[in-house]
Amino acid sequence: MSAQTREDLEDFDDDERGDVEALPAALSLDTPLGAALAELEAALELGGDELDPAAAERARAVAARARQRLAGDTGASVVALAGATGSGKSSLFNAIAGLDVATVGVRRPTTSSPTACVWGEVPEALLDWLEVPRRHRTERVSELDAHREDALTGLVLLDLPDHDSTQLSHRLQVDRLVGLADLVVWVADPQKYADAALHSRYLSHLADHQDVVVVVLNQVDTLDEASAAVCEADLRRLLAADGLDRVRLLSTSARTGQGVSALRQVLTDVVQARTAARRRSEADVLAAVRELQGSVGPDEPDVATAEGTPALVDALAVAAGVPAIGDAVRGSELRAGVGRTGWPFTRWVRRLRPDPLKRLHLPSSSSSDRGRDAAALPDTALTRTSVPVPTPSQRAQVSTAVRGVVTSVAEDLPQRWGDAVRAASGPVSDDLADSLDQAVQTVPLATPAPRWWGAVESLQLLLALCAVVGALWLAALGVIGYLQLPAPPLPRVGPPAGSGYEQWAVPLPTLLLVGGVLLGWLLAALSRSLVRRRAERLRRRVREQLREVVARTAQERLLAAVAAVVARHHEVREALAAAGAWLSRR
């Protein structure tokens, strides 16, 4: 049983559960027929107008008929004899009953109303449901052959009007009772067994009913043995062409009694099995399920990956300002990174530039501002960014992209479902900009500063201190020289005196100044390159995350109704498949 049907059953209240428990055994949800009926009715309810109206109407009639037939099932078996004018079905009816119940005559049609012969006690409600006139009901009771007829106790044998009658009311009665009978015996004669009306109107539609259909070639006494064999073989060929390759075929003669006992044995087996009503209902439900399966496709398109979805996400991303936010993240990260790892004497200049993210009212990437930004924006749902709202051109591009996705999904579904998809897709709402803005704010833009920033910052400060010390030292030496004061000993770094290379020794203050400046500049250049690469990675990551939330917004705000139709199609298809599976393995 499908998950949807299980959920429906779990939602029943106590009274509804009592009704389910009170179902006849054949309709219990633990039986193939009961489970298949539940799945079929769930599919009909879910499918609604998207199912073929004629097929859905027939399926509802089948479900109602099955429940009516089996609601008070006492094991009675309804067998109908149907055939064309002059096929001898009324004579065969009398031969089976052993009584002259049905009227046999030369005038055609002879049978104008259904006649019933009943073996044993059968509820009057069943005959009333079949709408057999009371004056045309006969009870098969005889003390003379009671032992012979006991095996047929529970049989309701119907003699139907001619299916090719010139009277419309007769044909309508045949159609109705053929649909109600548990077993239909189609009686043909050597002259009309190939009649197109019989095959095209009735037999060719019974491929799923082979277990509850018997075909009789009557009046074989009018043929010699060879001609009868040829006629039977040709009828078998026609039946196979109708899809009835497994149907039972008997040859009979009501006049001579040939084959009548074999036909009575078939009826006896049906009556004794007490399953004719259930098997007929199973065949009807299976046929209805297979017809309804023509209203659904073999699978469903994935709305999230349908053709045109990337174009829709692109259009929404532009409308949401994703490119601008990505560039702002990159600029903010560059500002923060260079502000901490750059040369201390010049990096303050970058701090004078405004943070690109703060200009958009988004949390800054600057490490010094992250805590303050988080406190300043406690509830992003109550704030709005300064990302520009979508322009009319961008909204038009979004609408065009939505239509592209809807068209792609609709083309992958049957026509009625495709029409439902198109109808479910409405115009782009006016609050799309707010939805996109709120979605954008769910993406974390501020990221923890890497540890190496702190190490570089400390090293830069040390190098700056060295440069300052060297500069002050050299300035002091210059002042001393200017005042013609005795110069203090000047430490040098390099080869020691007396080595012959002492001229290459560098004064320590000069080394501190030049080394501090050069190393600081080189470290700042290297750090700037690393910060730029990190900022570019962050921009790509943020743009991917923003595209994800934009795609989610598209599914939730623009394509949710379309996805609901597709999901309903899936549930209907699964329910029909489950119903067919229950009956296919019965």
# chains A, B, ... in the order shown; residues from 1 in each chain; ligands from 1
call {"tool": "residues_around", "arguments": {"residues": "region 298-314 of chain A", "least_positions_apart": "5", "cutoff": "9 Å", "atoms": "only C-alpha atoms", "output": "PyMOL selection string"}}
result
chain A and resi 293+319+397-410+412-413+547-548+550-552+554-555+559+562-563+566-567+569-570+573
call {"tool": "write_last_selection", "arguments": {"atoms": "N, CA and C atoms", "output": "mmCIF file, in the first residue's frame"}}
result
data_model
loop_
_atom_site.group_PDB
_atom_site.id
_atom_site.type_symbol
_atom_site.label_atom_id
_atom_site.label_comp_id
_atom_site.auth_asym_id
_atom_site.auth_seq_id
_atom_site.Cartn_x
_atom_site.Cartn_y
_atom_site.Cartn_z
ATOM 1 N N GLN A 293 -4.105 4.644 -15.929
ATOM 2 C CA GLN A 293 -2.666 4.847 -16.067
ATOM 3 C C GLN A 293 -2.319 5.571 -17.365
ATOM 4 N N ALA A 319 18.705 39.862 -10.023
ATOM 5 C CA ALA A 319 17.687 40.687 -9.377
ATOM 6 C C ALA A 319 17.960 40.861 -7.888
ATOM 7 N N GLN A 397 12.835 39.686 -16.967
ATOM 8 C CA GLN A 397 13.695 38.530 -17.215
ATOM 9 C C GLN A 397 13.321 37.372 -16.294
ATOM 10 N N VAL A 398 12.986 37.678 -15.046
ATOM 11 C CA VAL A 398 12.560 36.625 -14.113
ATOM 12 C C VAL A 398 11.264 35.978 -14.599
ATOM 13 N N SER A 399 10.317 36.793 -15.036
ATOM 14 C CA SER A 399 9.045 36.249 -15.530
ATOM 15 C C SER A 399 9.264 35.359 -16.742
ATOM 16 N N THR A 400 10.126 35.787 -17.643
ATOM 17 C CA THR A 400 10.426 34.971 -18.827
ATOM 18 C C THR A 400 11.071 33.648 -18.423
ATOM 19 N N ALA A 401 11.997 33.714 -17.461
ATOM 20 C CA ALA A 401 12.663 32.489 -17.011
ATOM 21 C C ALA A 401 11.679 31.540 -16.333
ATOM 22 N N VAL A 402 10.730 32.087 -15.556
ATOM 23 C CA VAL A 402 9.712 31.245 -14.906
ATOM 24 C C VAL A 402 8.883 30.530 -15.951
ATOM 25 N N ARG A 403 8.468 31.258 -16.980
ATOM 26 C CA ARG A 403 7.688 30.625 -18.049
ATOM 27 C C ARG A 403 8.482 29.524 -18.732
ATOM 28 N N GLY A 404 9.781 29.718 -18.874
ATOM 29 C CA GLY A 404 10.611 28.675 -19.477
ATOM 30 C C GLY A 404 10.625 27.402 -18.654
ATOM 31 N N VAL A 405 10.755 27.543 -17.328
ATOM 32 C CA VAL A 405 10.750 26.366 -16.455
ATOM 33 C C VAL A 405 9.379 25.683 -16.496
ATOM 34 N N VAL A 406 8.317 26.480 -16.411
ATOM 35 C CA VAL A 406 6.956 25.920 -16.416
ATOM 36 C C VAL A 406 6.700 25.173 -17.717
ATOM 37 N N THR A 407 7.108 25.749 -18.826
ATOM 38 C CA THR A 407 6.914 25.086 -20.121
ATOM 39 C C THR A 407 7.678 23.778 -20.182
ATOM 40 N N SER A 408 8.906 23.780 -19.677
ATOM 41 C CA SER A 408 9.711 22.555 -19.684
ATOM 42 C C SER A 408 9.057 21.459 -18.847
ATOM 43 N N VAL A 409 8.564 21.820 -17.651
ATOM 44 C CA VAL A 409 7.910 20.834 -16.786
ATOM 45 C C VAL A 409 6.615 20.342 -17.419
ATOM 46 N N ALA A 410 5.830 21.275 -17.973
ATOM 47 C CA ALA A 410 4.541 20.903 -18.560
ATOM 48 C C ALA A 410 4.712 19.964 -19.738
ATOM 49 N N ASP A 412 6.836 17.684 -20.116
ATOM 50 C CA ASP A 412 7.233 16.339 -19.676
ATOM 51 C C ASP A 412 6.091 15.596 -18.988
ATOM 52 N N LEU A 413 4.903 16.180 -18.964
ATOM 53 C CA LEU A 413 3.743 15.555 -18.336
ATOM 54 C C LEU A 413 2.627 15.407 -19.363
ATOM 55 N N ARG A 547 23.471 31.871 -4.516
ATOM 56 C CA ARG A 547 22.716 31.221 -5.585
ATOM 57 C C ARG A 547 21.868 30.079 -5.024
ATOM 58 N N GLU A 548 22.385 29.384 -4.018
ATOM 59 C CA GLU A 548 21.615 28.304 -3.401
ATOM 60 C C GLU A 548 20.355 28.851 -2.727
ATOM 61 N N VAL A 550 18.914 31.674 -3.387
ATOM 62 C CA VAL A 550 18.056 32.219 -4.444
ATOM 63 C C VAL A 550 17.290 31.087 -5.128
ATOM 64 N N ALA A 551 17.994 29.954 -5.377
ATOM 65 C CA ALA A 551 17.312 28.798 -5.984
ATOM 66 C C ALA A 551 16.220 28.281 -5.060
ATOM 67 N N ARG A 552 16.480 28.283 -3.742
ATOM 68 C CA ARG A 552 15.451 27.870 -2.785
ATOM 69 C C ARG A 552 14.273 28.827 -2.814
ATOM 70 N N ALA A 554 13.332 30.548 -5.345
ATOM 71 C CA ALA A 554 12.600 30.283 -6.586
ATOM 72 C C ALA A 554 11.659 29.106 -6.411
ATOM 73 N N GLN A 555 12.126 28.048 -5.750
ATOM 74 C CA GLN A 555 11.276 26.878 -5.544
ATOM 75 C C GLN A 555 10.122 27.200 -4.599
ATOM 76 N N LEU A 559 7.903 28.518 -7.822
ATOM 77 C CA LEU A 559 7.632 27.208 -8.407
ATOM 78 C C LEU A 559 6.959 26.244 -7.439
ATOM 79 N N VAL A 562 3.803 24.781 -8.891
ATOM 80 C CA VAL A 562 4.158 23.827 -9.960
ATOM 81 C C VAL A 562 4.643 22.520 -9.350
ATOM 82 N N ALA A 563 5.504 22.626 -8.339
ATOM 83 C CA ALA A 563 6.007 21.417 -7.679
ATOM 84 C C ALA A 563 4.881 20.639 -7.012
ATOM 85 N N VAL A 566 3.247 18.545 -9.660
ATOM 86 C CA VAL A 566 4.121 17.412 -9.993
ATOM 87 C C VAL A 566 4.081 16.367 -8.884
ATOM 88 N N ALA A 567 4.080 16.822 -7.623
ATOM 89 C CA ALA A 567 4.012 15.878 -6.501
ATOM 90 C C ALA A 567 2.689 15.120 -6.506
ATOM 91 N N HIS A 569 0.913 14.439 -9.169
ATOM 92 C CA HIS A 569 1.032 13.460 -10.255
ATOM 93 C C HIS A 569 1.789 12.228 -9.779
ATOM 94 N N HIS A 570 2.853 12.455 -9.005
ATOM 95 C CA HIS A 570 3.639 11.327 -8.480
ATOM 96 C C HIS A 570 2.793 10.451 -7.567
ATOM 97 N N ARG A 573 0.309 8.470 -9.673
ATOM 98 C CA ARG A 573 1.001 7.395 -10.411
ATOM 99 C C ARG A 573 1.386 6.257 -9.464
#
call {"tool": "select_by_dssp", "arguments": {"residues": "region 123-365 of chain A", "states": "strand (DSSP E)", "output": "PyMOL selection string"}}
result
chain A and resi 137-139+155-159+183-188+213-217+248-251
call {"tool": "write_last_selection", "arguments": {"atoms": "N, CA and C atoms", "output": "tab-separated table (two decimals), in the first residue's frame"}}
result
chain	number	residue	atom	x	y	z
A	137	ARG	N	-38.32	-14.05	-12.27
A	137	ARG	CA	-37.43	-14.78	-11.37
A	137	ARG	C	-38.01	-16.18	-11.14
A	138	THR	N	-37.18	-17.19	-11.30
A	138	THR	CA	-37.61	-18.58	-11.09
A	138	THR	C	-36.65	-19.26	-10.13
A	139	GLU	N	-37.24	-19.95	-9.12
A	139	GLU	CA	-36.40	-20.72	-8.20
A	139	GLU	C	-36.30	-22.14	-8.71
A	155	LEU	N	-26.29	-20.26	-7.29
A	155	LEU	CA	-26.15	-19.74	-8.64
A	155	LEU	C	-27.36	-18.89	-9.03
A	156	VAL	N	-27.09	-17.74	-9.62
A	156	VAL	CA	-28.11	-16.90	-10.24
A	156	VAL	C	-27.76	-16.86	-11.73
A	157	LEU	N	-28.57	-17.56	-12.54
A	157	LEU	CA	-28.31	-17.64	-13.98
A	157	LEU	C	-29.24	-16.65	-14.69
A	158	LEU	N	-28.65	-15.76	-15.48
A	158	LEU	CA	-29.40	-14.72	-16.17
A	158	LEU	C	-29.41	-14.99	-17.67
A	159	ASP	N	-30.59	-14.83	-18.26
A	159	ASP	CA	-30.72	-14.85	-19.71
A	159	ASP	C	-30.96	-13.41	-20.15
A	183	LEU	N	-19.77	-13.71	-13.82
A	183	LEU	CA	-19.23	-14.50	-14.93
A	183	LEU	C	-20.15	-14.28	-16.14
A	184	VAL	N	-19.59	-13.99	-17.28
A	184	VAL	CA	-20.37	-13.77	-18.49
A	184	VAL	C	-20.06	-14.90	-19.48
A	185	VAL	N	-21.11	-15.57	-19.91
A	185	VAL	CA	-20.98	-16.62	-20.93
A	185	VAL	C	-21.48	-16.03	-22.24
A	186	TRP	N	-20.56	-15.82	-23.16
A	186	TRP	CA	-20.92	-15.25	-24.46
A	186	TRP	C	-21.27	-16.40	-25.41
A	187	VAL	N	-22.50	-16.41	-25.87
A	187	VAL	CA	-23.00	-17.48	-26.73
A	187	VAL	C	-22.97	-16.99	-28.18
A	188	ALA	N	-22.25	-17.71	-29.02
A	188	ALA	CA	-22.17	-17.39	-30.44
A	188	ALA	C	-22.64	-18.60	-31.25
A	213	VAL	N	-14.80	-14.84	-17.98
A	213	VAL	CA	-15.49	-14.89	-19.27
A	213	VAL	C	-15.39	-16.30	-19.84
A	214	VAL	N	-16.50	-16.79	-20.37
A	214	VAL	CA	-16.54	-18.07	-21.09
A	214	VAL	C	-17.20	-17.80	-22.44
A	215	VAL	N	-16.64	-18.35	-23.50
A	215	VAL	CA	-17.21	-18.20	-24.83
A	215	VAL	C	-17.72	-19.58	-25.26
A	216	VAL	N	-18.96	-19.60	-25.74
A	216	VAL	CA	-19.60	-20.85	-26.15
A	216	VAL	C	-19.97	-20.75	-27.63
A	217	LEU	N	-19.52	-21.75	-28.39
A	217	LEU	CA	-19.95	-21.86	-29.79
A	217	LEU	C	-21.14	-22.82	-29.81
A	248	ARG	N	-11.81	-19.45	-21.83
A	248	ARG	CA	-12.36	-20.80	-22.02
A	248	ARG	C	-13.35	-20.80	-23.18
A	249	LEU	N	-13.19	-21.75	-24.10
A	249	LEU	CA	-14.07	-21.88	-25.27
A	249	LEU	C	-14.68	-23.27	-25.29
A	250	LEU	N	-16.02	-23.33	-25.32
A	250	LEU	CA	-16.73	-24.60	-25.33
A	250	LEU	C	-17.63	-24.66	-26.56
A	251	SER	N	-17.85	-25.87	-27.04
A	251	SER	CA	-18.80	-26.11	-28.14
A	251	SER	C	-20.02	-26.82	-27.56
call {"tool": "residues_around", "arguments": {"residues": "Asp284 (chain A)", "least_positions_apart": "5", "cutoff": "8 Å", "atoms": "only C-alpha atoms", "output": "PyMOL selection string"}}
result
chain A and resi 62+208-209
call {"tool": "residues_around", "arguments": {"residues": "Ser227 (chain A)", "least_positions_apart": "6", "cutoff": "10 Å", "atoms": "only C-alpha atoms", "output": "list in words"}}
result
Pro190, Val220 and Ala233 of chain A
call {"tool": "write_last_selection", "arguments": {"atoms": "N, CA and C atoms", "output": "tab-separated table (two decimals), in the first residue's frame"}}
result
chain	number	residue	atom	x	y	z
A	190	PRO	N	-22.62	-20.54	-35.34
A	190	PRO	CA	-21.75	-20.64	-36.52
A	190	PRO	C	-21.97	-19.54	-37.54
A	220	VAL	N	-23.63	-26.30	-32.68
A	220	VAL	CA	-22.66	-27.05	-33.49
A	220	VAL	C	-23.31	-28.28	-34.14
A	233	ALA	N	-11.78	-23.39	-34.50
A	233	ALA	CA	-10.41	-22.88	-34.64
A	233	ALA	C	-10.42	-21.41	-35.08
call {"tool": "atom_distance", "arguments": {"atom1": "CA of Ala66 (chain A)", "atom2": "CA of Ala241 (chain A)"}}
result
28.6 Å
call {"tool": "residues_around", "arguments": {"residues": "Ala64 (chain A)", "least_positions_apart": "6", "cutoff": "12 Å", "atoms": "only C-alpha atoms", "output": "PyMOL selection string"}}
result
chain A and resi 27+37-38+40-41+57-58+70-71+180+281+284-285
call {"tool": "write_last_selection", "arguments": {"atoms": "N, CA and C atoms", "output": "tab-separated table (two decimals), in the first residue's frame"}}
result
chain	number	residue	atom	x	y	z
A	27	LEU	N	-13.19	-7.09	0.97
A	27	LEU	CA	-12.83	-5.69	0.85
A	27	LEU	C	-11.90	-5.22	1.95
A	37	LEU	N	-8.57	-1.31	-4.20
A	37	LEU	CA	-9.67	-0.37	-4.21
A	37	LEU	C	-9.31	0.92	-3.46
A	38	ALA	N	-8.65	0.77	-2.31
A	38	ALA	CA	-8.23	1.95	-1.55
A	38	ALA	C	-7.27	2.81	-2.36
A	40	LEU	N	-6.99	2.85	-5.67
A	40	LEU	CA	-7.72	3.42	-6.81
A	40	LEU	C	-8.53	4.64	-6.39
A	41	GLU	N	-9.23	4.53	-5.28
A	41	GLU	CA	-10.04	5.66	-4.82
A	41	GLU	C	-9.16	6.83	-4.40
A	57	GLU	N	-14.64	8.51	-14.57
A	57	GLU	CA	-16.04	8.19	-14.29
A	57	GLU	C	-16.26	6.69	-14.28
A	58	ARG	N	-15.66	6.00	-15.25
A	58	ARG	CA	-15.81	4.53	-15.28
A	58	ARG	C	-15.13	3.91	-14.06
A	70	LEU	N	-20.00	-6.60	-3.18
A	70	LEU	CA	-19.38	-7.42	-2.13
A	70	LEU	C	-19.79	-7.00	-0.73
A	71	ALA	N	-20.55	-5.91	-0.61
A	71	ALA	CA	-20.93	-5.44	0.73
A	71	ALA	C	-21.74	-6.49	1.48
A	180	LEU	N	-22.38	-6.12	-14.46
A	180	LEU	CA	-22.69	-6.53	-13.09
A	180	LEU	C	-22.46	-8.01	-12.83
A	281	SER	N	-14.73	-8.47	-9.57
A	281	SER	CA	-14.40	-7.14	-9.08
A	281	SER	C	-12.91	-6.86	-9.26
A	284	ASP	N	-12.38	-6.04	-12.87
A	284	ASP	CA	-12.89	-4.70	-13.18
A	284	ASP	C	-11.95	-3.62	-12.67
A	285	VAL	N	-11.49	-3.77	-11.43
A	285	VAL	CA	-10.60	-2.76	-10.85
A	285	VAL	C	-9.28	-2.71	-11.61
call {"tool": "residues_around", "arguments": {"residues": "Asp73 (chain A)", "least_positions_apart": "4", "cutoff": "9 Å", "atoms": "only C-alpha atoms", "output": "list of chain:residue names"}}
result
A:Pro24, A:Ala26, A:Gln68, A:Arg69, A:Leu126, A:Ala277
call {"tool": "atom_distance", "arguments": {"atom1": "CA of Glu282 (chain A)", "atom2": "CA of Ile96 (chain A)"}}
result
27.0 Å
call {"tool": "residues_around", "arguments": {"residues": "Val296 (chain A)", "least_positions_apart": "5", "cutoff": "10 Å", "atoms": "only C-alpha atoms", "output": "list in words"}}
result
Gly47, Glu50, Leu51, Asp52, Leu413, Pro414, Gln415, Arg416, Trp417, His569, His570, Val572, Arg573 and Leu576 of chain A
call {"tool": "atom_distance", "arguments": {"atom1": "CA of Ala578 (chain A)", "atom2": "CA of Ala42 (chain A)"}}
result
11.0 Å
